[in-house]
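Structure record follows, encoded as C-alpha cells.
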Amino acid sequence: MASTTAASLLSGDTKLASGIFNKRFDVAPPQTEPTDSGWYLASGPELPLNPLKGDVTCDCLVIGAGWMGLHAARRYAEINQNAKVLLVDAGRIGNNASGRCMGFAIDLAHNPRKQDFVEDVQGNREEFLVNVEGNEYLKSAVDMGVECDWDPQGKYHSAATPEGVKDLEHFSKALDKMGQKYRWVEKGEVQELTGSKHYIRALHHPGTILLQPAKYLKNATKLLPKNVQVHENTVVKSAQFGKPLHVFETTNGVIRTKKVIICASGYLTNFGFYQNSAIPVYTFASMTRQLTDKEIAQAGTGSYGLIPANSFGTTVRRTNDNRLFFRNVYSYAKKFKTTTQDVMDAKVHQQISFDRRFPHLSSMGFEASWGGLLTLAQNGGMVWGELAENVYGAAFCNGTGVSRGTAFGKAIAELASGMNSPAIEILKRRTPPSRAYPEIITSFGVNFVTGRRFKKAGQEV
C-alpha cells in the first residue's frame with residue numbers, strides 16, 4: 001500500500017495530490033433533507049444557530065460535523081490548545097446524516113457481503129481495535145457530561161425464520177474464529193425481551209453501545225474545547241487549495257486556513273479527491289410516538305437494539321424514552337438526493353414490519369419517517385489520510401459509522417497533529433475507494449441487488 005498522500009486519487013487517477021493546488025473547485029451543496037430525523041425531533045432544544053458571516057482565518061478548518069468531523073475538531077483542539085479551530089456543517093448538527101442512523105456504536109459488525117460474515121480474521125481484528133478506540137472516545141465525552149441515553153447492553157442479532165437462524169449460525173462461527181464472546185437467546189427469552197412473537201431465536205453479542213445519536217451530537221458540540229468555533233447552516237461553495245493558506249468560500253463568508261480536515265462523507269469527492277468513486281445509498285427509518293404505560297407493558301421488558309439476521313431485514317430499537325424505531329429499505333440516491341415520496345414509500349414497508357412484530361400496537365402508526373445517507377465504494381474502500389499538503393480527509397465508512405466514524409475522526413486529527421498510533425497505522429493500510437461504474441450502471445445495479453435481497457429476506461423484513 002502506498003502512503004496516504006501518494007494513494008490519493010484525483011479525478012479517478014493516481015496522481016500526486018499536489019496537482020489540486022491553486023485550482024478552484026466549485027462544491028455542490030448537500031441536499032436539503034425532505035423530512036427531519038425522528039432522533040432530532042426527540043432530542044430536545046436546538047443548538048443556538050450561528051452561521052458563518054464575514055471573513056475569518058483559522059489554524060484548522062473541519063468540514064462536516066458528523067461522527068468524523070465532530071471528533072476530529074474535538075481531538076485537534078485538545079492536542080493543539082492554542083490553535084483556532086473552526087467546525088462547519090451545511091445543516092443542523094444532529095439532523096445531518098450522522099444523526100439519522102439507528103444509534104448503534106458497534107465494536108464489531110458482521111459483514112453482509114460474505115456468507116460467514118467475515119472477510120478475514122486479521123482484518124476484523126484490526127476493525128475491532130479501531131472501533132473500540134472510537135467507542136472509548138465516545139465514552140470519554142459521556143464521562144465529561146454528554147447526555148445521550150448511553151446504554152452499553154450490546155446488540156441482539158435476531159431471527160424470525162429458520163433461514164435467519166442459519167444466518168446466525170454462520171455469524172457465530174465467524175465470532176468463534178475471532179474468539180469473541182456471545183450467547184444464544186432462545187425463543188421464549190427473545191419474545192419476552194421484545195414483547196413480539198415474531199422472533200424465534202437471537203444471538204446476543206456484547207460490546208455494542210446503544211445511544212440517541214442526535215442527542216449525543218448536539219450535546220457533544222456544546223462541550224467542545226473552547227478553542228473550537230462552530231458554524232451550522234454554513235455551506236462551502238468553493239475550495240482553493242494553496243500555500244500558505246487554503247481558501248474556502250461559504251454562502252456568507254470566506255474561510256482561510258492553514259490546515260483542513262474534510263469529513264463530508266461522499267461529498268468529499270466534490271473537493272477534487274476520489275471523484276466518481278462514491279456510491280450514495282439511502283436507508284430509511286420510522287419512529288413511533290412515546291408509548292403509553294399500557295403500551296409499554298406490551299413492548300418487552302425494556303430498551304433493546306435488534307440487528308436482523310439477514311442484512312436486508314429490519315433493524316428495531318426500543319429506546320429509553322419508550323419509542324419504537326424501524327429501519328429497512330435501501331435505494332441508490334442519484335446525485336445524493338432522496339425525496340419525500342421515497343421516504344413515504346419506505347414508510348409503507350416499515351408499517352408492514354410494525355404490523356408483523358407488534359400487531360397489538362401497530363395501529364398507532366409513526367410520528368416521523370426519514371432517510372439517511374450511507375456512502376459506499378465499489379471495492380469497499382475508505383478515504384482516510386493526508387490527501388495533499390495540509391489537506392486531510394476521512395470518509396466512506398461503508399457502515400458502522402458511529403464507532404468507526406468517531407475513531408476515523410480522532411485518528412485523522414492526531415495524524416494532522418504529527419502523531420502516530422496503532423489505529424493510524426491500521427488506517428494507513430486501508431484500501432482507498434476505486435472508481436465506480438458509470439452512474440446508470442451503478443444505480444441499476446444497486447437498486448436491482450437491494451430489491452432482490454430485500455424480497456428474499458422475506459419475514460426477516
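Here's how to read the names in the C-alpha cells: chain A, B, ... by the order shown, residue numbers from 1 in each chain, ligand numbers from 1 in the order shown.
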request  = Determine, counting only C-alpha atoms, which protein, DNA and RNA residues have an atom within 10 Å of an atom of Pro30 in chain A; residues of the same chain fewer than 4 positions away are not included. Present the result as a PyMOL selection string.
outcome  = chain A and resi 89-91+96+235-236+264+266-267+335-337
All residues 10 Å or closer to range 181-183 of chain A, only C-alpha atoms, same chain fewer than 2 positions away omitted, as a PyMOL selection string = chain A and resi 154+156+172+175-176+178-179+185-186+202-207
Residue subset to file, keeping N, CA and C atoms, as a PDB file, in the first residue's frame:
ATOM      1  N   GLY A 154     -25.062  -4.064  24.615  1.00  0.00           N
ATOM      2  CA  GLY A 154     -24.793  -4.955  23.493  1.00  0.00           C
ATOM      3  C   GLY A 154     -25.948  -4.965  22.510  1.00  0.00           C
ATOM      4  N   TYR A 156     -28.598  -7.477  19.867  1.00  0.00           N
ATOM      5  CA  TYR A 156     -29.188  -8.782  19.608  1.00  0.00           C
ATOM      6  C   TYR A 156     -29.313  -8.986  18.106  1.00  0.00           C
ATOM      7  N   SER A 172     -22.078 -16.936  14.128  1.00  0.00           N
ATOM      8  CA  SER A 172     -21.454 -17.453  15.351  1.00  0.00           C
ATOM      9  C   SER A 172     -20.121 -18.129  15.046  1.00  0.00           C
ATOM     10  N   LEU A 175     -17.596 -15.439  14.778  1.00  0.00           N
ATOM     11  CA  LEU A 175     -17.239 -14.956  16.111  1.00  0.00           C
ATOM     12  C   LEU A 175     -16.314 -15.937  16.820  1.00  0.00           C
ATOM     13  N   ASP A 176     -16.553 -17.240  16.619  1.00  0.00           N
ATOM     14  CA  ASP A 176     -15.679 -18.251  17.201  1.00  0.00           C
ATOM     15  C   ASP A 176     -14.243 -18.104  16.694  1.00  0.00           C
ATOM     16  N   MET A 178     -12.760 -15.516  15.848  1.00  0.00           N
ATOM     17  CA  MET A 178     -12.125 -14.330  16.431  1.00  0.00           C
ATOM     18  C   MET A 178     -12.023 -14.399  17.951  1.00  0.00           C
ATOM     19  N   GLY A 179     -12.550 -15.467  18.528  1.00  0.00           N
ATOM     20  CA  GLY A 179     -12.510 -15.576  19.985  1.00  0.00           C
ATOM     21  C   GLY A 179     -13.457 -14.620  20.681  1.00  0.00           C
ATOM     22  N   VAL A 185     -29.873 -16.761  22.503  1.00  0.00           N
ATOM     23  CA  VAL A 185     -31.102 -16.363  23.188  1.00  0.00           C
ATOM     24  C   VAL A 185     -32.249 -17.132  22.546  1.00  0.00           C
ATOM     25  N   GLU A 186     -32.859 -18.000  23.287  1.00  0.00           N
ATOM     26  CA  GLU A 186     -33.877 -18.863  22.712  1.00  0.00           C
ATOM     27  C   GLU A 186     -35.230 -18.150  22.631  1.00  0.00           C
ATOM     28  N   ALA A 202     -32.244 -15.636  18.807  1.00  0.00           N
ATOM     29  CA  ALA A 202     -31.346 -14.485  18.677  1.00  0.00           C
ATOM     30  C   ALA A 202     -29.967 -14.851  19.208  1.00  0.00           C
ATOM     31  N   LEU A 203     -29.012 -14.020  18.853  1.00  0.00           N
ATOM     32  CA  LEU A 203     -27.643 -14.155  19.354  1.00  0.00           C
ATOM     33  C   LEU A 203     -27.267 -12.824  19.968  1.00  0.00           C
ATOM     34  N   HIS A 204     -26.914 -12.839  21.238  1.00  0.00           N
ATOM     35  CA  HIS A 204     -26.513 -11.602  21.908  1.00  0.00           C
ATOM     36  C   HIS A 204     -25.005 -11.457  21.838  1.00  0.00           C
ATOM     37  N   HIS A 205     -24.556 -10.313  21.306  1.00  0.00           N
ATOM     38  CA  HIS A 205     -23.130 -10.024  21.203  1.00  0.00           C
ATOM     39  C   HIS A 205     -22.834  -8.764  22.015  1.00  0.00           C
ATOM     40  N   PRO A 206     -22.081  -8.871  23.104  1.00  0.00           N
ATOM     41  CA  PRO A 206     -21.783  -7.693  23.924  1.00  0.00           C
ATOM     42  C   PRO A 206     -20.775  -6.784  23.225  1.00  0.00           C
ATOM     43  N   GLY A 207     -20.646  -5.581  23.754  1.00  0.00           N
ATOM     44  CA  GLY A 207     -19.641  -4.657  23.218  1.00  0.00           C
ATOM     45  C   GLY A 207     -20.234  -3.463  22.503  1.00  0.00           C
TER      46      GLY A 207
END
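Counting only C-alpha atoms, the residue from A:Leu129, A:Phe271, A:Asn227, A:Gln122 that sits nearest to Gln240 in chain A is A:Phe271.
Taking CA of Thr57 in chain A as the reference point, CA of Phe241 in chain A is found at 14.3 Å.
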task = For range 33-38 of chain A, please output as a ChimeraX atom specification all residues within 7 Å (counting only C-alpha atoms; exclusion window: fewer than 2 positions along the same chain).
result = /A:31,40-42,95,100,287,339-340,368-370
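For Met344 in chain A, the residues within 10 Å (counting only C-alpha atoms, excluding itself and residues fewer than 2 positions away along the chain) are A:Phe284, A:Ser286, A:Thr339, A:Thr340, A:Gln341, A:Asp342, A:Ala346, A:Lys347, A:Val348, A:His349, A:Gln350, A:Ser369, A:Trp370, A:Gly371.
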